[in-house]
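Trainee: My structure is in entry_24.cif, and what it holds is mmCIF, C-alpha atoms:
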data_final
#
loop_
_atom_site.label_atom_id
_atom_site.label_comp_id
_atom_site.auth_asym_id
_atom_site.auth_seq_id
_atom_site.Cartn_x
_atom_site.Cartn_y
_atom_site.Cartn_z
CA MET O 1 13.91 -47.82 64.30
CA ASN O 2 15.72 -44.52 64.91
CA PHE O 3 14.18 -41.08 64.37
CA LEU O 4 15.59 -40.63 60.87
CA GLU O 5 14.41 -44.07 59.77
CA HIS O 6 10.96 -43.26 61.14
CA ILE O 7 10.67 -40.07 59.06
CA ILE O 8 11.85 -41.78 55.89
CA GLN O 9 9.63 -44.83 56.37
CA TYR O 10 6.40 -43.00 57.14
CA LYS O 11 7.22 -40.00 54.91
CA ILE O 12 4.38 -37.62 55.79
CA VAL O 13 5.22 -34.86 58.27
CA ALA O 14 2.06 -33.05 59.34
CA ILE O 15 2.80 -29.37 59.94
CA LEU O 16 0.70 -27.89 62.76
CA ARG O 17 0.92 -24.12 62.45
CA GLY O 18 -1.35 -21.91 64.51
CA ILE O 19 -3.04 -24.73 66.44
CA ASP O 20 -3.54 -23.71 70.06
CA SER O 21 -2.15 -26.04 72.70
CA LYS O 22 -5.65 -26.64 74.09
CA HIS O 23 -6.58 -28.42 70.85
CA ILE O 24 -3.24 -30.01 70.00
CA LEU O 25 -3.97 -33.47 71.44
CA GLN O 26 -7.30 -33.75 69.62
CA VAL O 27 -5.71 -32.80 66.31
CA ALA O 28 -2.82 -35.20 66.83
CA GLU O 29 -5.21 -38.04 67.65
CA ALA O 30 -7.19 -37.30 64.48
CA LEU O 31 -4.00 -37.46 62.43
CA HIS O 32 -2.93 -40.67 64.13
CA ARG O 33 -6.28 -42.30 63.37
CA GLY O 34 -5.63 -41.47 59.71
CA GLY O 35 -2.20 -43.07 59.74
CA VAL O 36 0.01 -39.96 60.05
CA VAL O 37 2.57 -40.57 62.80
CA THR O 38 5.00 -37.65 62.42
CA ILE O 39 4.01 -34.18 63.61
CA GLU O 40 5.79 -30.84 63.43
CA VAL O 41 4.65 -28.02 65.70
CA THR O 42 5.83 -24.67 64.37
CA LEU O 43 7.35 -22.39 66.98
CA ASN O 44 5.28 -19.44 65.78
CA SER O 45 2.14 -21.22 67.02
CA PRO O 46 0.43 -20.29 70.32
CA ASN O 47 2.17 -22.01 73.27
CA ALA O 48 4.28 -24.05 70.87
CA LEU O 49 6.71 -25.46 73.43
CA GLN O 50 3.81 -26.48 75.65
CA SER O 51 2.20 -28.22 72.67
CA ILE O 52 5.41 -30.11 71.93
CA GLN O 53 5.65 -31.22 75.54
CA LEU O 54 2.02 -32.31 75.63
CA LEU O 55 2.39 -34.34 72.45
CA ALA O 56 5.71 -35.89 73.49
CA ASN O 57 4.21 -37.05 76.77
CA ALA O 58 0.81 -38.18 75.50
CA PHE O 59 1.97 -39.95 72.34
CA GLU O 60 5.44 -41.10 73.37
CA ASN O 61 5.24 -44.45 71.59
CA LYS O 62 2.70 -43.50 68.92
CA LEU O 63 3.98 -40.30 67.29
CA LEU O 64 7.30 -38.72 66.46
CA VAL O 65 7.09 -35.06 67.46
CA GLY O 66 9.32 -32.24 66.26
CA ALA O 67 9.54 -28.47 66.03
CA GLY O 68 9.30 -26.29 62.95
CA THR O 69 10.07 -22.69 62.01
CA VAL O 70 13.20 -22.96 64.16
CA LEU O 71 15.45 -20.00 63.35
CA THR O 72 18.18 -20.13 66.00
CA ALA O 73 20.26 -22.62 67.95
CA GLN O 74 18.66 -21.42 71.17
CA GLN O 75 15.20 -22.17 69.81
CA ALA O 76 16.41 -25.65 68.87
CA ILE O 77 17.66 -26.21 72.41
CA GLU O 78 14.34 -25.13 73.92
CA ALA O 79 12.33 -27.29 71.52
CA ILE O 80 14.46 -30.37 72.16
CA GLU O 81 14.19 -29.82 75.91
CA ALA O 82 10.41 -29.76 75.46
CA GLY O 83 10.54 -33.13 73.71
CA ALA O 84 11.16 -32.43 70.01
CA LYS O 85 12.99 -35.26 68.25
CA PHE O 86 13.55 -33.35 65.00
CA ILE O 87 14.16 -29.71 64.18
CA ILE O 88 12.88 -28.13 60.95
CA SER O 89 13.85 -24.67 59.73
CA PRO O 90 12.86 -22.56 56.74
CA ILE O 91 16.49 -21.48 56.37
CA VAL O 92 20.07 -22.76 56.48
CA ASP O 93 21.47 -21.70 59.86
CA ILE O 94 24.68 -23.60 60.54
CA PRO O 95 24.70 -23.13 64.35
CA THR O 96 21.14 -24.49 64.51
CA ILE O 97 22.12 -27.56 62.50
CA GLN O 98 25.18 -28.17 64.66
CA ARG O 99 23.38 -27.72 67.97
CA THR O 100 20.53 -29.95 66.86
CA LYS O 101 22.92 -32.75 65.95
CA HIS O 102 24.93 -32.26 69.15
CA LEU O 103 21.75 -32.81 71.16
CA GLY O 104 20.88 -35.99 69.27
CA ALA O 105 17.91 -34.72 67.27
CA ILE O 106 17.30 -34.89 63.52
CA SER O 107 18.20 -31.75 61.57
CA ILE O 108 16.00 -30.69 58.64
CA PRO O 109 16.93 -27.17 57.49
CA GLY O 110 15.16 -25.44 54.63
CA ALA O 111 17.03 -24.68 51.43
CA PHE O 112 16.16 -23.92 47.83
CA THR O 113 19.22 -23.65 45.59
CA ALA O 114 21.73 -26.39 44.91
CA THR O 115 24.39 -24.39 46.77
CA GLU O 116 22.20 -24.00 49.88
CA ILE O 117 21.26 -27.68 49.81
CA VAL O 118 24.89 -28.81 49.66
CA GLN O 119 25.98 -26.34 52.34
CA ALA O 120 23.28 -27.56 54.70
CA TYR O 121 24.04 -31.22 54.05
CA ASN O 122 27.77 -30.72 54.51
CA ALA O 123 27.05 -28.97 57.82
CA GLY O 124 25.44 -32.15 59.13
CA ALA O 125 21.78 -31.94 58.14
CA ASP O 126 20.02 -35.29 57.90
CA ILE O 127 17.35 -34.26 55.39
CA ILE O 128 17.02 -31.02 53.44
CA LYS O 129 13.62 -29.36 53.34
CA LEU O 130 13.11 -28.06 49.82
CA PHE O 131 11.27 -24.83 50.52
CA PRO O 132 9.16 -23.52 49.01
CA ALA O 133 8.15 -26.45 46.86
CA THR O 134 5.46 -24.47 45.06
CA VAL O 135 7.75 -24.44 42.01
CA GLY O 136 6.69 -28.03 41.43
CA ALA O 137 8.08 -31.55 41.29
CA HIS O 138 10.08 -30.82 38.14
CA TYR O 139 12.39 -28.59 40.20
CA LEU O 140 13.06 -31.38 42.68
CA LYS O 141 13.80 -33.74 39.80
CA ASP O 142 16.27 -31.21 38.37
CA ILE O 143 17.97 -30.81 41.76
CA LYS O 144 18.21 -34.56 42.31
CA GLY O 145 20.03 -34.95 38.99
CA PRO O 146 23.40 -33.64 40.23
CA LEU O 147 22.64 -34.32 43.93
CA PRO O 148 21.16 -37.83 43.95
CA ASN O 149 22.49 -38.82 47.36
CA ILE O 150 21.06 -35.92 49.38
CA PRO O 151 17.69 -36.76 50.96
CA ILE O 152 15.15 -34.04 50.25
CA MET O 153 11.73 -33.31 51.76
CA PRO O 154 9.61 -30.87 49.70
CA THR O 155 7.46 -28.56 51.82
CA GLY O 156 5.12 -25.72 50.93
CA GLY O 157 2.96 -26.50 47.94
CA VAL O 158 2.68 -30.28 48.35
CA ASP O 159 -0.94 -31.42 48.24
CA ILE O 160 -2.93 -34.54 47.47
CA ASN O 161 -2.72 -33.84 43.73
CA SER O 162 1.05 -33.29 43.59
CA ILE O 163 2.46 -35.63 46.22
CA GLN O 164 2.86 -38.61 43.88
CA ALA O 165 4.81 -36.46 41.39
CA PHE O 166 7.13 -35.33 44.17
CA LYS O 167 7.63 -38.94 45.23
CA GLN O 168 8.52 -39.94 41.68
CA ALA O 169 10.94 -36.99 41.51
CA GLY O 170 12.89 -38.45 44.41
CA ALA O 171 11.47 -37.02 47.65
CA VAL O 172 12.19 -39.09 50.77
CA ALA O 173 9.46 -37.37 52.83
CA PHE O 174 6.85 -34.62 52.54
CA GLY O 175 5.99 -31.66 54.74
CA ILE O 176 2.22 -31.15 54.56
CA GLY O 177 0.67 -28.05 56.11
CA SER O 178 -2.69 -26.47 55.34
CA ALA O 179 -3.54 -29.16 52.79
CA LEU O 180 -3.85 -31.48 55.78
CA VAL O 181 -4.57 -29.29 58.83
CA LYS O 182 -5.98 -25.76 58.70
CA ALA O 183 -5.79 -23.62 61.81
CA THR O 184 -8.58 -21.27 60.77
CA GLU O 185 -11.48 -23.64 61.35
CA GLU O 186 -13.40 -24.46 64.52
CA VAL O 187 -12.13 -27.59 66.23
CA ASP O 188 -15.18 -29.83 66.47
CA GLU O 189 -16.08 -33.39 65.54
CA THR O 190 -16.59 -32.54 61.86
CA TYR O 191 -13.22 -30.79 61.70
CA LEU O 192 -11.40 -33.68 63.40
CA ASN O 193 -13.06 -36.31 61.23
CA GLY O 194 -12.03 -34.26 58.19
CA ILE O 195 -8.41 -34.33 59.32
CA THR O 196 -8.54 -38.11 59.73
CA GLU O 197 -10.03 -38.51 56.26
CA LYS O 198 -7.41 -36.27 54.66
CA ALA O 199 -4.64 -38.08 56.53
CA GLN O 200 -5.89 -41.39 55.14
CA GLN O 201 -5.89 -39.93 51.64
CA PHE O 202 -2.30 -38.71 51.91
CA VAL O 203 -1.10 -42.01 53.33
CA ALA O 204 -2.83 -43.90 50.51
CA ALA O 205 -1.39 -41.53 47.88
CA ILE O 206 2.21 -42.53 48.59
CA GLN O 207 1.73 -46.28 48.75
#
Write the structure described by the file as structure tokens, please.
Mentor:
Amino acid sequence: MNFLEHIIQYKIVAILRGIDSKHILQVAEALHRGGVVTIEVTLNSPNALQSIQLLANAFENKLLVGAGTVLTAQQAIEAIEAGAKFIISPIVDIPTIQRTKHLGAISIPGAFTATEIVQAYNAGADIIKLFPATVGAHYLKDIKGPLPNIPIMPTGGVDINSIQAFKQAGAVAFGIGSALVKATEEVDETYLNGITEKAQQFVAAIQ
């Protein structure tokens, strides 16, 4: 299974934003226990590149690790060198898409309008991150009408109550942030068990 097939098969991309590198392995293990096997570390997190490297080394055959909030081609290069297998952005930056693909990683830029989505896809993106998805699943359904062949991953606003609606609207994957992992809480056994439980709920919700 290649990286793209992995994302599409397992569907849930856990977004780790603000998690310090000293806790990253514990959080990843909690997610893995719950059945989530794709993790995005946002580059605006503390020691993000170190976290990516730690995860890539520790979970080489168990998790697919990528970088998020990637705004430039140079950031994509650094993340891929650290071990990221996919690059996610909140924007459409053509050089970032092109460099990501050149280096053999999966490109998932963020777009919102039909024009942005098509521009990103034509530039070589593998999946388009619909961002923000707080507008609801009906917007994705409307977008998929004229653009049925473009794979779309809603992110920002997808939670346990809305994920099934997004799936029915045509999403191929889902970016899940604070609804799955919150960075504001103390990392202890209760916190980690809560992550595992929420991961199990999300995995069950898309079966």
Trainee: When you count all atoms listed in the file, which of these residues is closest to Gln75 (chain O): O:Ala28, O:Val92, O:Ile8, O:Ala48?
Mentor: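 Among O:Ala28, O:Val92, O:Ile8, O:Ala48, it is O:Ala48 that comes nearest to Gln75 (chain O).
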Trainee: Could you give me, as a ChimeraX atom specification, the residues that have an atom at most 12 Å away from the point (7.7, -36.4, 72.9) in the coordinates of the file, using only C-alpha atoms?
Mentor: /O:3,38-41,49-67,79-86,105
Trainee: Evaluate the PyMOL selection byres ((chain O and resi 74) around 12) and record the selected residues as a CSV table (one decimal) with C-alpha atoms, keeping the file's coordinate frame, following the chain and residue labels used in the document.
Mentor:
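And here is the file that came out, result22.csv:
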chain,number,residue,atom,x,y,z
O,70,VAL,CA,13.2,-23.0,64.2
O,71,LEU,CA,15.4,-20.0,63.4
O,72,THR,CA,18.2,-20.1,66.0
O,73,ALA,CA,20.3,-22.6,68.0
O,75,GLN,CA,15.2,-22.2,69.8
O,76,ALA,CA,16.4,-25.6,68.9
O,77,ILE,CA,17.7,-26.2,72.4
O,78,GLU,CA,14.3,-25.1,73.9
O,79,ALA,CA,12.3,-27.3,71.5
O,80,ILE,CA,14.5,-30.4,72.2
O,81,GLU,CA,14.2,-29.8,75.9
O,87,ILE,CA,14.2,-29.7,64.2
O,93,ASP,CA,21.5,-21.7,59.9
O,95,PRO,CA,24.7,-23.1,64.4
O,96,THR,CA,21.1,-24.5,64.5
O,97,ILE,CA,22.1,-27.6,62.5
O,98,GLN,CA,25.2,-28.2,64.7
O,99,ARG,CA,23.4,-27.7,68.0
O,100,THR,CA,20.5,-30.0,66.9
O,103,LEU,CA,21.8,-32.8,71.2
Trainee: Would you translate the PyMOL selection byres ((chain O and resi 184) around 9) into the concrete set of residues it matches in this file, as a VMD selection string?
Mentor: chain O and resid 18 to 19 182 to 183 185 to 186
Trainee: I would like the residues chosen by the PyMOL selection byres ((chain O and resi 140) around 10) on the shown file; could you give them as an mmCIF file with C-alpha atoms, keeping the file's coordinate frame?
Mentor:
data_model
loop_
_atom_site.group_PDB
_atom_site.id
_atom_site.type_symbol
_atom_site.label_atom_id
_atom_site.label_comp_id
_atom_site.auth_asym_id
_atom_site.auth_seq_id
_atom_site.Cartn_x
_atom_site.Cartn_y
_atom_site.Cartn_z
ATOM 1 C CA PHE O 112 16.160 -23.920 47.830
ATOM 2 C CA LEU O 130 13.110 -28.060 49.820
ATOM 3 C CA ALA O 133 8.150 -26.450 46.860
ATOM 4 C CA VAL O 135 7.750 -24.440 42.010
ATOM 5 C CA GLY O 136 6.690 -28.030 41.430
ATOM 6 C CA ALA O 137 8.080 -31.550 41.290
ATOM 7 C CA HIS O 138 10.080 -30.820 38.140
ATOM 8 C CA TYR O 139 12.390 -28.590 40.200
ATOM 9 C CA LYS O 141 13.800 -33.740 39.800
ATOM 10 C CA ASP O 142 16.270 -31.210 38.370
ATOM 11 C CA ILE O 143 17.970 -30.810 41.760
ATOM 12 C CA LYS O 144 18.210 -34.560 42.310
ATOM 13 C CA GLY O 145 20.030 -34.950 38.990
ATOM 14 C CA ILE O 152 15.150 -34.040 50.250
ATOM 15 C CA MET O 153 11.730 -33.310 51.760
ATOM 16 C CA PRO O 154 9.610 -30.870 49.700
ATOM 17 C CA ALA O 165 4.810 -36.460 41.390
ATOM 18 C CA PHE O 166 7.130 -35.330 44.170
ATOM 19 C CA LYS O 167 7.630 -38.940 45.230
ATOM 20 C CA GLN O 168 8.520 -39.940 41.680
ATOM 21 C CA ALA O 169 10.940 -36.990 41.510
ATOM 22 C CA GLY O 170 12.890 -38.450 44.410
ATOM 23 C CA ALA O 171 11.470 -37.020 47.650
#
Trainee: Pick the closest to Val203 (chain O) from O:Asn149, O:Gln9, O:Gln26, O:Asn44: which is it, counting only C-alpha atoms?
Mentor: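 Closest residue, counting only C-alpha atoms: O:Gln9.
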Trainee: Would you mind writing region 50-61 of chain O with all heavy atoms, as an mmCIF file, keeping the file's coordinate frame?
Mentor:
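Listed below is the output, rebuild_13.cif:
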data_model
loop_
_atom_site.group_PDB
_atom_site.id
_atom_site.type_symbol
_atom_site.label_atom_id
_atom_site.label_comp_id
_atom_site.auth_asym_id
_atom_site.auth_seq_id
_atom_site.Cartn_x
_atom_site.Cartn_y
_atom_site.Cartn_z
ATOM 1 N N GLN O 50 4.751 -25.723 74.850
ATOM 2 C CA GLN O 50 3.810 -26.480 75.650
ATOM 3 C C GLN O 50 3.147 -27.571 74.807
ATOM 4 O O GLN O 50 2.964 -28.707 75.271
ATOM 5 C CB GLN O 50 2.736 -25.558 76.241
ATOM 6 C CG GLN O 50 1.711 -26.283 77.108
ATOM 7 C CD GLN O 50 0.618 -25.356 77.628
ATOM 8 O OE1 GLN O 50 0.687 -24.147 77.459
ATOM 9 N NE2 GLN O 50 -0.393 -25.930 78.259
ATOM 10 N N SER O 51 2.808 -27.232 73.568
ATOM 11 C CA SER O 51 2.200 -28.220 72.670
ATOM 12 C C SER O 51 3.147 -29.381 72.412
ATOM 13 O O SER O 51 2.738 -30.555 72.432
ATOM 14 C CB SER O 51 1.813 -27.566 71.346
ATOM 15 O OG SER O 51 0.732 -26.673 71.508
ATOM 16 N N ILE O 52 4.414 -29.062 72.169
ATOM 17 C CA ILE O 52 5.410 -30.110 71.930
ATOM 18 C C ILE O 52 5.515 -31.031 73.138
ATOM 19 O O ILE O 52 5.547 -32.265 73.015
ATOM 20 C CB ILE O 52 6.775 -29.488 71.584
ATOM 21 C CG1 ILE O 52 6.710 -28.815 70.205
ATOM 22 C CG2 ILE O 52 7.888 -30.541 71.611
ATOM 23 C CD1 ILE O 52 7.909 -27.945 69.886
ATOM 24 N N GLN O 53 5.550 -30.428 74.309
ATOM 25 C CA GLN O 53 5.650 -31.220 75.540
ATOM 26 C C GLN O 53 4.422 -32.096 75.750
ATOM 27 O O GLN O 53 4.539 -33.278 76.110
ATOM 28 C CB GLN O 53 5.846 -30.283 76.735
ATOM 29 C CG GLN O 53 6.227 -30.990 78.030
ATOM 30 C CD GLN O 53 6.662 -30.010 79.092
ATOM 31 O OE1 GLN O 53 6.099 -28.928 79.219
ATOM 32 N NE2 GLN O 53 7.681 -30.375 79.857
ATOM 33 N N LEU O 54 3.250 -31.534 75.509
ATOM 34 C CA LEU O 54 2.020 -32.310 75.630
ATOM 35 C C LEU O 54 2.011 -33.506 74.687
ATOM 36 O O LEU O 54 1.678 -34.630 75.087
ATOM 37 C CB LEU O 54 0.804 -31.413 75.339
ATOM 38 C CG LEU O 54 0.402 -30.398 76.408
ATOM 39 C CD1 LEU O 54 -0.634 -29.427 75.846
ATOM 40 C CD2 LEU O 54 -0.138 -31.096 77.645
ATOM 41 N N LEU O 55 2.385 -33.275 73.444
ATOM 42 C CA LEU O 55 2.390 -34.340 72.450
ATOM 43 C C LEU O 55 3.437 -35.409 72.781
ATOM 44 O O LEU O 55 3.174 -36.608 72.676
ATOM 45 C CB LEU O 55 2.669 -33.761 71.060
ATOM 46 C CG LEU O 55 1.560 -32.921 70.442
ATOM 47 C CD1 LEU O 55 2.066 -32.227 69.182
ATOM 48 C CD2 LEU O 55 0.343 -33.774 70.129
ATOM 49 N N ALA O 56 4.620 -34.958 73.174
ATOM 50 C CA ALA O 56 5.710 -35.890 73.490
ATOM 51 C C ALA O 56 5.332 -36.802 74.649
ATOM 52 O O ALA O 56 5.666 -37.994 74.660
ATOM 53 C CB ALA O 56 6.983 -35.124 73.806
ATOM 54 N N ASN O 57 4.611 -36.257 75.607
ATOM 55 C CA ASN O 57 4.210 -37.050 76.770
ATOM 56 C C ASN O 57 3.021 -37.958 76.466
ATOM 57 O O ASN O 57 2.995 -39.119 76.871
ATOM 58 C CB ASN O 57 3.853 -36.117 77.941
ATOM 59 C CG ASN O 57 5.063 -35.401 78.508
ATOM 60 O OD1 ASN O 57 6.196 -35.869 78.370
ATOM 61 N ND2 ASN O 57 4.845 -34.261 79.144
ATOM 62 N N ALA O 58 2.038 -37.430 75.738
ATOM 63 C CA ALA O 58 0.810 -38.180 75.500
ATOM 64 C C ALA O 58 0.959 -39.261 74.440
ATOM 65 O O ALA O 58 0.278 -40.294 74.487
ATOM 66 C CB ALA O 58 -0.319 -37.223 75.107
ATOM 67 N N PHE O 59 1.840 -39.024 73.468
ATOM 68 C CA PHE O 59 1.970 -39.950 72.340
ATOM 69 C C PHE O 59 3.393 -40.499 72.220
ATOM 70 O O PHE O 59 3.882 -40.732 71.121
ATOM 71 C CB PHE O 59 1.604 -39.245 71.031
ATOM 72 C CG PHE O 59 0.171 -38.798 70.955
ATOM 73 C CD1 PHE O 59 -0.195 -37.512 71.297
ATOM 74 C CD2 PHE O 59 -0.823 -39.670 70.543
ATOM 75 C CE1 PHE O 59 -1.515 -37.083 71.215
ATOM 76 C CE2 PHE O 59 -2.142 -39.268 70.458
ATOM 77 C CZ PHE O 59 -2.499 -37.972 70.800
ATOM 78 N N GLU O 60 4.011 -40.730 73.355
ATOM 79 C CA GLU O 60 5.440 -41.100 73.370
ATOM 80 C C GLU O 60 5.773 -42.247 72.438
ATOM 81 O O GLU O 60 6.785 -42.225 71.739
ATOM 82 C CB GLU O 60 5.852 -41.447 74.803
ATOM 83 C CG GLU O 60 7.327 -41.778 74.949
ATOM 84 C CD GLU O 60 7.724 -42.054 76.383
ATOM 85 O OE1 GLU O 60 6.840 -42.055 77.272
ATOM 86 O OE2 GLU O 60 8.916 -42.268 76.627
ATOM 87 N N ASN O 61 4.956 -43.271 72.403
ATOM 88 C CA ASN O 61 5.240 -44.450 71.590
ATOM 89 C C ASN O 61 4.384 -44.535 70.330
ATOM 90 O O ASN O 61 4.422 -45.538 69.624
ATOM 91 C CB ASN O 61 5.040 -45.715 72.431
ATOM 92 C CG ASN O 61 5.962 -45.764 73.626
ATOM 93 O OD1 ASN O 61 7.154 -45.488 73.505
ATOM 94 N ND2 ASN O 61 5.420 -46.102 74.792
#
